[in-house]
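K.L.:
So here's work31.txt, just compact mmCIF, C-alpha atoms:
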```
# COMPACT_ATOMS: atom_id res chain seq x y z
CA MET G 1 0.00 0.00 0.00
CA LEU G 2 2.80 2.37 0.93
CA THR G 3 4.77 1.61 -2.22
CA ARG G 4 1.70 2.30 -4.32
CA ARG G 5 1.19 5.62 -2.57
CA ILE G 6 4.84 6.50 -3.20
CA ALA G 7 4.51 5.49 -6.85
CA GLU G 8 1.35 7.57 -7.24
CA LEU G 9 3.09 10.52 -5.68
CA LEU G 10 6.02 10.17 -8.09
CA LEU G 11 3.69 9.87 -11.06
CA GLY G 12 1.92 13.03 -9.95
CA LEU G 13 5.27 14.82 -9.93
CA ALA G 14 6.19 13.39 -13.31
CA ALA G 15 2.90 14.40 -14.92
CA ARG G 16 3.34 18.03 -13.87
CA ARG G 17 6.42 18.30 -16.04
CA TRP G 18 4.56 17.38 -19.20
CA PRO G 19 2.56 19.81 -21.34
CA ALA G 20 -0.88 20.55 -19.94
CA ASP G 21 -2.70 19.17 -22.98
CA VAL G 22 -1.33 15.65 -22.53
CA ARG G 23 -1.06 15.61 -18.75
CA ASP G 24 -4.47 14.15 -17.95
CA ASP G 25 -4.13 11.35 -20.51
CA LEU G 26 -0.71 10.46 -19.16
CA ARG G 27 -1.95 10.38 -15.57
CA ARG G 28 -4.73 8.06 -16.64
CA GLU G 29 -2.41 5.85 -18.68
CA TRP G 30 0.22 5.57 -15.96
CA ALA G 31 -2.40 4.91 -13.30
CA ALA G 32 -3.66 2.00 -15.38
CA GLU G 33 -0.17 0.54 -15.75
CA LEU G 34 0.45 1.07 -12.06
CA HIS G 35 -2.73 -0.78 -11.29
CA VAL G 36 -1.58 -3.77 -13.36
CA LEU G 37 1.78 -3.83 -11.59
CA ALA G 38 0.13 -3.53 -8.18
CA GLU G 39 -2.30 -6.34 -8.99
CA ASN G 40 0.62 -8.57 -9.92
CA GLY G 41 2.43 -7.68 -6.71
CA ARG G 42 5.37 -6.18 -8.58
CA ARG G 43 6.06 -3.50 -6.02
CA THR G 44 9.66 -2.79 -6.94
CA THR G 45 8.82 -2.52 -10.62
CA MET G 46 5.93 -0.24 -9.72
CA VAL G 47 8.15 2.20 -7.83
CA GLY G 48 10.83 1.96 -10.52
CA PHE G 49 8.22 2.70 -13.20
CA ALA G 50 7.11 5.84 -11.38
CA ALA G 51 10.59 6.94 -10.31
CA SER G 52 11.96 6.70 -13.83
CA LEU G 53 9.20 8.97 -15.10
CA ALA G 54 9.67 11.37 -12.22
CA VAL G 55 13.37 11.89 -12.80
CA SER G 56 13.49 11.81 -16.58
CA ARG G 57 13.01 14.70 -18.93
CA ALA G 58 9.45 15.32 -20.01
CA GLY G 59 8.42 14.38 -23.51
CA ALA G 60 7.64 17.81 -24.85
CA PRO G 61 8.53 20.35 -25.72
CA LEU G 62 11.66 18.44 -26.55
CA LEU G 63 14.49 20.51 -27.89
CA ASP G 64 17.65 19.26 -29.41
CA ARG G 65 19.93 20.53 -26.67
CA ARG G 66 23.10 20.00 -28.64
CA LEU G 67 21.69 22.09 -31.48
CA MET G 68 20.43 24.70 -29.04
CA HIS G 69 23.79 24.97 -27.32
CA GLN G 70 25.52 25.25 -30.67
CA ARG G 71 23.09 27.97 -31.71
CA ALA G 72 23.52 29.80 -28.44
CA ARG G 73 27.30 29.73 -28.76
CA ARG G 74 27.22 30.97 -32.34
CA THR G 75 24.71 33.67 -31.50
CA ALA G 76 26.75 34.86 -28.53
CA ALA G 77 29.92 34.87 -30.61
CA ALA G 78 28.28 36.91 -33.38
CA LEU G 79 26.66 39.40 -31.02
CA LEU G 80 29.76 39.90 -28.90
CA LEU G 81 32.35 39.98 -31.66
CA ALA G 82 30.46 42.15 -34.15
CA PRO G 83 30.56 45.32 -31.97
CA LEU G 84 34.30 44.80 -31.49
CA ALA G 85 34.59 44.47 -35.24
CA CYS G 86 32.67 47.74 -35.60
CA ALA G 87 35.15 49.46 -33.30
CA ALA G 88 38.01 47.92 -35.25
CA ILE G 89 36.46 49.16 -38.49
CA VAL G 90 36.44 52.73 -37.17
CA VAL G 91 40.10 52.50 -36.15
CA VAL G 92 41.34 50.67 -39.26
CA SER G 93 39.43 53.03 -41.54
CA ALA G 94 40.98 56.01 -39.75
CA LEU G 95 44.46 54.56 -40.26
CA ALA G 96 43.73 53.84 -43.91
CA MET G 97 42.27 57.31 -44.38
CA ALA G 98 45.41 58.83 -42.82
CA GLN G 99 47.61 56.96 -45.29
CA VAL G 100 45.55 58.10 -48.25
CA TYR G 101 45.41 61.64 -46.89
CA ASN G 102 49.21 61.78 -46.53
CA TRP G 103 49.61 60.61 -50.07
CA LEU G 104 46.96 63.00 -51.43
CA SER G 105 48.33 66.00 -49.52
CA MET G 106 51.51 65.77 -51.56
CA LEU G 107 49.55 65.82 -54.80
CA VAL G 108 46.52 68.09 -54.41
CA SER G 109 45.47 71.10 -52.38
CA TRP G 110 41.98 69.87 -51.52
CA SER G 111 43.13 66.77 -49.65
CA SER G 112 41.79 68.08 -46.31
CA ALA G 113 38.29 68.26 -47.74
CA VAL G 114 38.18 64.54 -48.48
CA GLN G 115 39.36 63.36 -45.08
CA LEU G 116 35.97 62.86 -43.47
CA PRO G 117 34.12 61.66 -46.58
CA LEU G 118 36.92 59.18 -47.21
CA TRP G 119 36.83 57.95 -43.62
CA SER G 120 33.04 57.59 -43.80
CA MET G 121 33.19 55.73 -47.11
CA LEU G 122 35.80 53.32 -45.81
CA ILE G 123 33.77 52.70 -42.66
CA LEU G 124 30.61 52.18 -44.67
CA GLY G 125 32.32 49.74 -47.01
CA PHE G 126 33.76 47.65 -44.21
CA ALA G 127 30.49 47.88 -42.28
CA VAL G 128 28.51 46.51 -45.22
CA LEU G 129 30.94 43.60 -45.51
CA LEU G 130 30.56 42.91 -41.80
CA ALA G 131 26.78 43.11 -42.13
CA LYS G 132 26.78 40.55 -44.94
CA TYR G 133 28.92 38.20 -42.94
CA THR G 134 26.99 38.48 -39.68
CA ALA G 135 23.62 38.24 -41.42
CA ARG G 136 24.55 34.69 -42.38
CA SER G 137 24.92 33.69 -38.77
CA ALA G 138 21.65 35.45 -37.95
CA ARG G 139 19.82 32.75 -39.91
CA HIS G 140 20.57 30.39 -37.04
CA THR G 141 20.17 32.80 -34.17
CA ALA G 142 19.13 31.58 -30.75
CA LEU G 143 17.22 34.81 -30.12
CA HIS G 144 13.47 34.76 -30.58
CA GLY G 145 11.07 37.63 -30.60
CA PRO G 146 11.65 41.13 -32.02
CA LEU G 147 12.46 42.77 -28.68
CA ARG G 148 14.94 40.09 -27.65
CA ILE G 149 16.69 40.32 -30.99
CA ALA G 150 16.85 44.12 -30.79
CA LEU G 151 18.19 44.05 -27.23
CA GLY G 152 20.60 41.24 -28.08
CA VAL G 153 22.08 43.40 -30.83
CA VAL G 154 22.05 46.76 -29.07
CA LEU G 155 23.34 45.84 -25.61
CA PRO G 156 26.75 44.53 -26.74
CA VAL G 157 27.02 47.42 -29.21
CA GLY G 158 26.30 49.88 -26.41
CA VAL G 159 28.88 48.29 -24.14
CA ALA G 160 31.47 48.29 -26.94
CA ALA G 161 30.70 51.93 -27.70
CA LEU G 162 31.04 52.84 -24.04
CA GLY G 163 34.36 51.02 -23.89
CA LEU G 164 35.69 52.67 -27.03
CA MET G 165 34.61 56.16 -26.00
CA SER G 166 35.96 55.66 -22.48
CA VAL G 167 39.36 54.62 -23.80
CA ILE G 168 39.52 57.52 -26.24
CA ASN G 169 38.22 60.09 -23.74
CA GLY G 170 40.07 58.68 -20.75
CA SER G 171 36.92 58.60 -18.62
CA VAL G 172 33.92 56.30 -18.30
CA LEU G 173 31.52 59.11 -17.44
CA GLY G 174 32.31 61.62 -20.15
CA SER G 175 29.98 63.99 -21.95
CA PHE G 176 29.42 61.27 -24.55
CA VAL G 177 27.33 59.14 -22.17
CA PRO G 178 23.88 60.84 -22.56
CA GLY G 179 24.16 60.78 -26.34
CA LEU G 180 25.27 57.18 -26.30
CA LEU G 181 22.34 56.20 -24.10
CA LEU G 182 19.93 58.08 -26.33
CA TRP G 183 21.38 56.40 -29.41
CA SER G 184 21.15 52.96 -27.78
CA ALA G 185 17.52 53.53 -26.81
CA GLY G 186 16.61 54.89 -30.22
CA LEU G 187 18.42 52.10 -32.03
CA THR G 188 16.63 49.53 -29.88
CA LEU G 189 13.27 50.99 -30.87
CA ALA G 190 14.26 51.11 -34.54
CA LEU G 191 15.49 47.52 -34.52
CA TRP G 192 12.45 46.36 -32.58
CA ALA G 193 10.18 47.88 -35.21
CA ALA G 194 12.28 46.46 -38.04
CA ALA G 195 12.32 43.00 -36.48
CA SER G 196 8.55 43.06 -35.94
CA LEU G 197 7.98 43.94 -39.57
CA ALA G 198 10.53 41.40 -40.85
CA ALA G 199 8.94 38.66 -38.75
CA ARG G 200 5.68 39.35 -40.60
CA GLY G 201 7.45 39.01 -43.94
CA ARG G 202 7.51 42.75 -44.69
CA VAL G 203 11.24 42.82 -45.27
CA GLY G 204 11.39 45.88 -47.54
CA VAL G 205 9.40 47.98 -45.10
CA ALA G 206 11.52 46.62 -42.25
CA TRP G 207 14.68 47.86 -43.94
CA SER G 208 13.17 51.29 -44.60
CA VAL G 209 11.81 51.70 -41.08
CA GLY G 210 14.99 50.32 -39.52
CA LEU G 211 17.26 52.55 -41.58
CA VAL G 212 15.26 55.70 -40.95
CA GLY G 213 14.93 54.84 -37.26
CA ALA G 214 18.65 54.17 -36.88
CA LEU G 215 19.51 57.43 -38.65
CA VAL G 216 17.09 59.37 -36.47
CA ALA G 217 18.55 57.76 -33.34
CA ALA G 218 22.09 58.67 -34.39
CA ASP G 219 21.01 62.17 -35.40
CA LEU G 220 19.29 62.79 -32.07
CA ALA G 221 22.35 61.52 -30.20
CA VAL G 222 24.57 63.93 -32.11
CA ILE G 223 22.14 66.80 -31.54
CA LEU G 224 22.06 66.06 -27.81
CA PHE G 225 25.83 66.03 -27.60
CA VAL G 226 26.22 69.30 -29.51
CA ILE G 227 23.53 71.05 -27.47
CA GLN G 228 25.23 69.84 -24.30
CA THR G 229 28.72 70.89 -25.22
CA ILE G 230 28.60 73.73 -27.75
CA PRO G 231 26.63 76.87 -26.99
CA GLY G 232 24.04 78.28 -29.35
CA PRO G 233 24.25 81.87 -30.62
CA GLY G 234 21.78 83.23 -28.07
CA THR G 235 23.51 81.67 -25.10
CA VAL G 236 26.88 83.22 -25.68
CA ALA G 237 27.59 86.52 -23.96
CA ALA G 238 27.95 89.48 -26.26
CA ASP G 239 31.57 90.00 -25.40
CA ALA G 240 32.47 86.36 -25.69
CA MET G 241 33.73 84.60 -28.79
CA THR G 242 30.35 84.45 -30.49
CA ALA G 243 31.93 82.68 -33.39
CA ASP G 244 32.36 79.58 -31.21
CA SER G 245 28.69 78.77 -31.24
CA VAL G 246 26.56 76.59 -33.43
CA ASP G 247 23.16 77.71 -34.65
CA ARG G 248 20.54 75.10 -33.67
CA ILE G 249 18.57 75.63 -36.84
CA SER G 250 20.77 73.18 -38.71
CA ALA G 251 20.61 70.50 -35.98
CA PRO G 252 19.16 67.70 -38.17
CA LEU G 253 22.13 68.02 -40.51
CA TRP G 254 24.86 67.73 -37.90
CA LEU G 255 25.15 63.98 -38.13
CA PHE G 256 25.50 64.07 -41.91
CA ALA G 257 27.89 67.01 -41.65
CA CYS G 258 30.09 64.87 -39.39
CA TRP G 259 30.14 62.13 -41.99
CA THR G 260 30.64 64.31 -45.05
CA ASP G 261 32.20 67.55 -43.79
CA TRP G 262 29.62 69.26 -45.98
CA ASN G 263 26.51 71.39 -45.45
CA PHE G 264 24.76 70.15 -48.59
CA GLY G 265 24.82 73.64 -50.11
CA LEU G 266 22.68 75.08 -47.32
CA PRO G 267 23.52 78.24 -45.36
CA ARG G 268 23.85 76.28 -42.13
CA PRO G 269 25.86 74.69 -40.68
CA THR G 270 28.71 76.88 -41.81
CA SER G 271 32.18 75.46 -42.37
CA TRP G 272 33.22 76.90 -39.03
CA GLU G 273 30.25 75.29 -37.29
CA ILE G 274 31.09 71.96 -38.88
CA PHE G 275 34.63 72.38 -37.68
CA LEU G 276 33.41 73.12 -34.14
CA ILE G 277 31.15 70.09 -34.15
CA THR G 278 33.65 67.65 -35.59
CA ASP G 279 36.35 69.02 -33.32
CA ARG G 280 34.32 67.84 -30.32
CA LEU G 281 32.41 64.98 -31.81
CA LEU G 282 33.67 62.66 -34.47
CA LEU G 283 34.23 59.21 -33.08
CA GLU G 284 30.61 58.71 -32.04
CA PRO G 285 28.99 59.39 -35.44
CA MET G 286 31.62 57.23 -37.10
CA PHE G 287 30.91 54.41 -34.68
CA TYR G 288 27.18 54.77 -35.31
CA LEU G 289 27.89 54.50 -39.03
CA ALA G 290 30.00 51.39 -38.51
CA CYS G 291 27.30 49.68 -36.42
CA MET G 292 24.17 50.50 -38.39
CA PRO G 293 24.54 48.08 -41.32
CA TYR G 294 25.41 45.18 -39.01
CA ALA G 295 22.64 45.97 -36.54
CA LEU G 296 20.00 46.24 -39.25
CA ALA G 297 21.15 43.23 -41.26
CA TYR G 298 21.46 40.96 -38.25
CA THR G 299 18.14 42.03 -36.76
CA ILE G 300 16.12 41.67 -39.94
CA ARG G 301 17.70 38.35 -40.88
CA ALA G 302 17.27 36.97 -37.38
CA ALA G 303 13.63 38.03 -37.24
CA ARG G 304 13.00 36.16 -40.49
CA SER G 305 14.71 33.02 -39.29
CA ALA G 306 12.71 30.04 -38.08
CA PRO G 307 12.52 29.29 -34.36
CA ALA G 308 14.57 26.51 -32.84
CA VAL G 309 13.48 23.19 -34.27
CA PRO G 310 11.98 20.76 -31.81
CA VAL G 311 13.50 17.31 -32.02
CA ALA G 312 10.17 15.81 -32.84
CA LEU G 313 10.04 17.77 -36.05
CA ALA G 314 13.71 17.95 -36.87
CA PRO G 315 14.47 16.95 -40.46
CA THR G 316 17.43 14.85 -39.39
CA PRO G 317 17.94 11.34 -40.69
CA VAL G 318 14.63 9.74 -41.41
CA MET V 1 12.36 12.88 -36.71
CA ARG V 2 15.68 12.42 -34.96
CA ILE V 3 16.47 8.78 -34.62
CA THR V 4 18.13 7.81 -31.40
CA ILE V 5 18.82 4.28 -30.14
CA PRO V 6 15.70 4.30 -27.90
CA VAL V 7 13.61 5.44 -30.88
CA ALA V 8 15.10 2.67 -33.01
CA LYS V 9 14.36 0.14 -30.29
CA VAL V 10 10.74 1.21 -30.04
CA LEU V 11 10.32 1.20 -33.82
CA ALA V 12 11.89 -2.23 -34.07
CA ALA V 13 9.62 -3.58 -31.32
CA LEU V 14 6.51 -2.17 -32.95
CA LEU V 15 7.58 -3.26 -36.40
CA ALA V 16 8.12 -6.83 -35.24
CA GLU V 17 4.34 -7.09 -34.98
CA PRO V 18 2.99 -4.12 -36.91
CA ASP V 19 -0.64 -5.20 -36.56
CA GLU V 20 -0.43 -5.74 -32.83
CA GLN V 21 -1.22 -3.14 -30.23
CA HIS V 22 1.11 -2.67 -27.32
CA TYR V 23 0.72 -1.19 -23.87
CA GLY V 24 3.46 0.88 -22.30
CA LEU V 25 4.57 -1.98 -20.05
CA ASP V 26 4.69 -4.32 -23.07
CA LEU V 27 6.95 -1.94 -24.88
CA MET V 28 9.16 -1.51 -21.82
CA ARG V 29 9.56 -5.27 -21.69
CA LEU V 30 10.20 -5.60 -25.43
CA THR V 31 12.68 -2.76 -25.66
CA GLY V 32 14.27 -2.90 -22.22
CA LEU V 33 13.76 0.84 -21.91
CA PRO V 34 12.78 2.43 -18.61
CA SER V 35 9.47 4.25 -18.47
CA GLY V 36 11.22 7.63 -18.29
CA THR V 37 12.80 6.99 -21.67
CA LEU V 38 9.95 5.13 -23.32
CA TYR V 39 7.11 7.61 -22.83
CA PRO V 40 8.94 10.62 -24.27
CA VAL V 41 9.80 8.48 -27.29
CA LEU V 42 6.17 7.44 -27.70
CA HIS V 43 5.14 11.06 -27.41
CA ARG V 44 7.59 12.10 -30.12
CA LEU V 45 6.50 9.31 -32.43
CA GLN V 46 2.88 10.32 -31.96
CA GLY V 47 3.77 13.94 -32.65
CA ALA V 48 5.43 12.89 -35.90
CA GLY V 49 2.34 10.91 -36.91
CA TRP V 50 4.16 7.59 -36.89
CA LEU V 51 2.25 6.23 -33.93
CA ALA V 52 -1.41 6.19 -32.94
CA SER V 53 -2.90 5.37 -29.59
CA ASP V 54 -6.30 4.26 -28.36
CA TRP V 55 -7.85 3.51 -25.04
CA GLU V 56 -8.74 -0.05 -24.24
CA ALA V 57 -12.45 -0.61 -24.83
CA ILE V 58 -13.44 -1.95 -21.45
CA ASP V 59 -15.75 -0.88 -18.71
CA PRO V 60 -13.43 -0.19 -15.76
CA ALA V 61 -16.17 -1.03 -13.25
CA THR V 62 -16.81 -4.44 -14.84
CA ALA V 63 -13.17 -5.20 -15.52
CA GLY V 64 -12.09 -4.06 -12.07
CA ARG V 65 -9.23 -2.02 -13.45
CA PRO V 66 -8.71 1.19 -15.41
CA ALA V 67 -8.58 1.09 -19.20
CA ARG V 68 -5.06 0.95 -20.56
CA ARG V 69 -3.71 2.87 -23.48
CA TYR V 70 -2.32 0.93 -26.38
CA TYR V 71 -0.11 1.96 -29.23
CA ARG V 72 0.25 0.90 -32.84
CA LEU V 73 2.18 2.16 -35.82
CA THR V 74 0.23 4.15 -38.39
CA ALA V 75 0.55 3.25 -42.07
CA GLU V 76 3.00 6.09 -42.45
CA GLY V 77 4.77 4.96 -39.30
CA VAL V 78 5.22 1.45 -40.69
CA ALA V 79 6.70 2.79 -43.92
CA GLN V 80 8.91 5.31 -42.20
CA ALA V 81 10.07 2.85 -39.57
CA ARG V 82 11.00 0.26 -42.21
CA ARG V 83 12.93 2.80 -44.18
CA THR V 84 14.62 4.32 -41.14
CA LEU V 85 15.70 1.02 -39.68
CA ALA V 86 16.90 -0.22 -43.04
CA GLU V 87 19.01 2.90 -43.40
CA LEU V 88 20.38 2.46 -39.91
CA ARG V 89 21.19 -1.18 -40.57
CA ALA V 90 22.95 -0.25 -43.79
CA ALA V 91 24.96 2.39 -41.93
CA ILE V 92 26.35 -0.14 -39.47
CA PRO V 93 29.36 -1.94 -40.92
CA ASP V 94 28.87 -5.38 -39.36
CA GLY V 95 25.11 -5.31 -39.82
CA ARG V 96 24.39 -6.05 -36.18
CA PRO V 97 22.19 -3.35 -34.77
CA SER V 98 22.24 -3.03 -31.01
CA TRP V 99 18.62 -2.00 -30.74
CA GLY V 100 16.77 -4.50 -32.89
CA VAL V 101 14.20 -6.99 -31.82
CA THR V 102 14.94 -10.09 -33.83
CA GLU V 103 12.53 -12.47 -35.37
CA PRO V 104 12.79 -16.17 -34.54
CA THR V 105 14.95 -16.73 -37.59
CA GLY V 106 17.49 -14.33 -36.18
CA ALA V 107 16.82 -11.83 -38.94
CA PRO V 108 16.23 -8.28 -37.85
CA ALA V 109 12.58 -7.52 -37.30
CA TRP V 110 12.34 -5.05 -40.12
```
Please go through the file and, once you have read it, give me the structure as structure tokens.
P.N.:
Amino acid sequence: MLTRRIAELLLGLAARRWPADVRDDLRREWAAELHVLAENGRRTTMVGFAASLAVSRAGAPLLDRRLMHQRARRTAAALLLAPLACAAIVVVSALAMAQVYNWLSMLVSWSSAVQLPLWSMLILGFAVLLAKYTARSARHTALHGPLRIALGVVLPVGVAALGLMSVINGSVLGSFVPGLLLWSAGLTLALWAAASLAARGRVGVAWSVGLVGALVAADLAVILFVIQTIPGPGTVAADAMTADSVDRISAPLWLFACWTDWNFGLPRPTSWEIFLITDRLLLEPMFYLACMPYALAYTIRAARSAPAVPVALAPTPV
Amino acid sequence: MRITIPVAKVLAALLAEPDEQHYGLDLMRLTGLPSGTLYPVLHRLQGAGWLASDWEAIDPATAGRPARRYYRLTAEGVAQARRTLAELRAAIPDGRPSWGVTEPTGAPAW
């Protein structure tokens, strides 16, 4: 009697670990088998029957753990290494740009004007290559759900950005932090929206929304930094160096001015204003540029990828 | 469907008598698998459509015991199991599978 009670208790525990839709049938089935064993006086077998079910893994949802671990490792590697690659792209592009600039400066007089555009183009080229490479691994991502994918991409990027800026600025809590936080938050929202759209099969719209959102996030971060650190015309005292101010009217263009060193033929920002901005703020917009293609490509590809395949449905040797 | 040794054992046991219906305890005896391994396998096979189950048609009050659940291979399950086990047998160099239930002749069940 006691052994049967113990067995029933174990079966109750075992049943709880199975999906709710099959639980009642399993309880009924196991109770019937237990009854047969009890009738035959097979007490040890009865307890063994129940104990084995109680300690073993439930039948569903069964996941191929080896595949899941492999996916998790690959996903972690991609998400952790890609931001470092973005930082490396910024540095390597700067070194390459410096070499080209040195060579050009001996040949032409306008070499200074191409410094920033050249740096941006190099960064963009490398960033697109990185995006293509990482998007492949995104097909087998372990992240599921638009928000998780967006956070999985942005958090390591944010940490890498913080590390890079801290090293360059010599302080963890520099004036770059608010802008960086704003960019991270904005990029998360942009990627979340892009991933949601991509998951519904609207890939073209996802790219458009993601790109515009990422640009807006970067633009706002640059605007915040400039407003924080460079006074506007009205805030500078009359006897101060009024020339060292930046008119806020051209704020939306500041990000693109950092990338191109150009005001797109508009009256603002002036060349001097662009100089003031890029004198204080250059690494951040370049890092944003390096990260955007990867972040968008990975997010959209990951959102389109299928969820982890349960073993029961896995197309492995049949 | 991922084929593991327990899955192969269950398929071989069911394929040995494809028209027969087996209870869980029967299958444990035939395969040598503990209940904690057998039932997840049965669940997976059912999920893949290879296995069907029915409740024993008895009146528990008259029979004095609860109805048991029995399992049988579906038509697709029979075909898939034959093919799978044949492939597994072909993949083993010495042709001696460690999971198979053998027929009286000594030939593998499938």
K.L.:
Please, what distance in Å, to one decimal, runs between atom CA of Leu173 of chain G and atom CA of Ala290 of chain G?
P.N.:
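Atom-to-atom, atom CA of Leu173 of chain G to atom CA of Ala290 of chain G, that is 22.5 Å.
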K.L.:
Just need the residues of chain V within 8 Å of chain G, counting all atoms listed in the file, so spit them out as a list in words.
P.N.:
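That gives the following set of residues: Met1, Arg2, Ile3, Gly24, Leu25, Pro34, Ser35, Gly36, Thr37, Tyr39, Pro40, Val41, His43, Arg44, Leu45, Gly47, Ala48, Arg65, Pro66, Ala67, Arg68, Arg69, Gln80, Arg83 and Thr84 of chain V.
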K.L.:
Could you work out how far atom CA of Tyr133 of chain G lies from atom CA of Val216 of chain G, giving the answer in Å with one decimal?
P.N.:
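One can read the atom CA of Val216 of chain G to atom CA of Tyr133 of chain G distance as 25.1 Å.
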K.L.:
Quick one: what's the axis-aligned box for segment 69-72 of chain V, all listed atoms, 3 Å on every side, centre and edges in Å to one decimal, as JSON?
P.N.:
```
{"center_x": -1.7, "center_y": 1.9, "center_z": -28.2, "size_x": 10.0, "size_y": 8.0, "size_z": 15.4}
```
K.L.:
Between G:Val222, G:Trp262, G:Arg27, G:Tyr288, which is the closest to Leu116 of chain G once you count all atoms listed in the file?
P.N.:
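Between G:Val222, G:Trp262, G:Arg27, G:Tyr288, the residue approaching Leu116 of chain G most closely is G:Trp262.
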K.L.:
Grab the atom CA of Ala78 of chain G to atom CA of Ala194 of chain G distance for me, in Å with one decimal place.
P.N.:
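The value is 19.2 Å.
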K.L.:
Nearest to Tyr70 of chain V among V:Ala91, V:Asp54, V:Val10, V:Leu85, with distances taken over all atoms listed in the file: which residue is it?
P.N.:
V:Asp54
K.L.:
Have a look at V:Thr62, V:Glu87, V:Gly49, V:Leu38 and name the one nearest to Thr74 of chain V; count only C-alpha atoms.
P.N.:
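Of all the options, V:Gly49 lies closest to Thr74 of chain V.
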K.L.:
Using only C-alpha atoms, pick whichever of V:Ala79, V:Leu42, V:Ala63, V:Ile92 has the shortest atom-to-atom distance to Val7 of chain V.
P.N.:
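For Val7 of chain V, the nearest of the given residues is V:Leu42.
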K.L.:
Kindly indicate which residue among G:Pro267, G:Leu283, G:Ala303, G:Trp110 lies nearest to Ser93 of chain G, using only C-alpha atoms for the distances.
P.N.:
G:Leu283
K.L.:
What lies within 8 Å of Ala72 of chain G using only C-alpha atoms, ignoring chain neighbours under 3 positions off, as a list in words?
P.N.:
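Within the cut-off, the hits are Met68, His69, Thr75, Ala76, Thr141 and Ala142 of chain G.
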K.L.:
Any idea what's packed within 7 Å of segment 86-91 of chain G, counting only C-alpha atoms, ignoring anything in its chain fewer than 2 positions away? Could you give it as a list in words?
P.N.:
Ala82, Pro83, Leu84, Ser93, Ala94, Leu95, Ile123, Phe126, Met286, Phe287, Ala290 and Cys291 of chain G
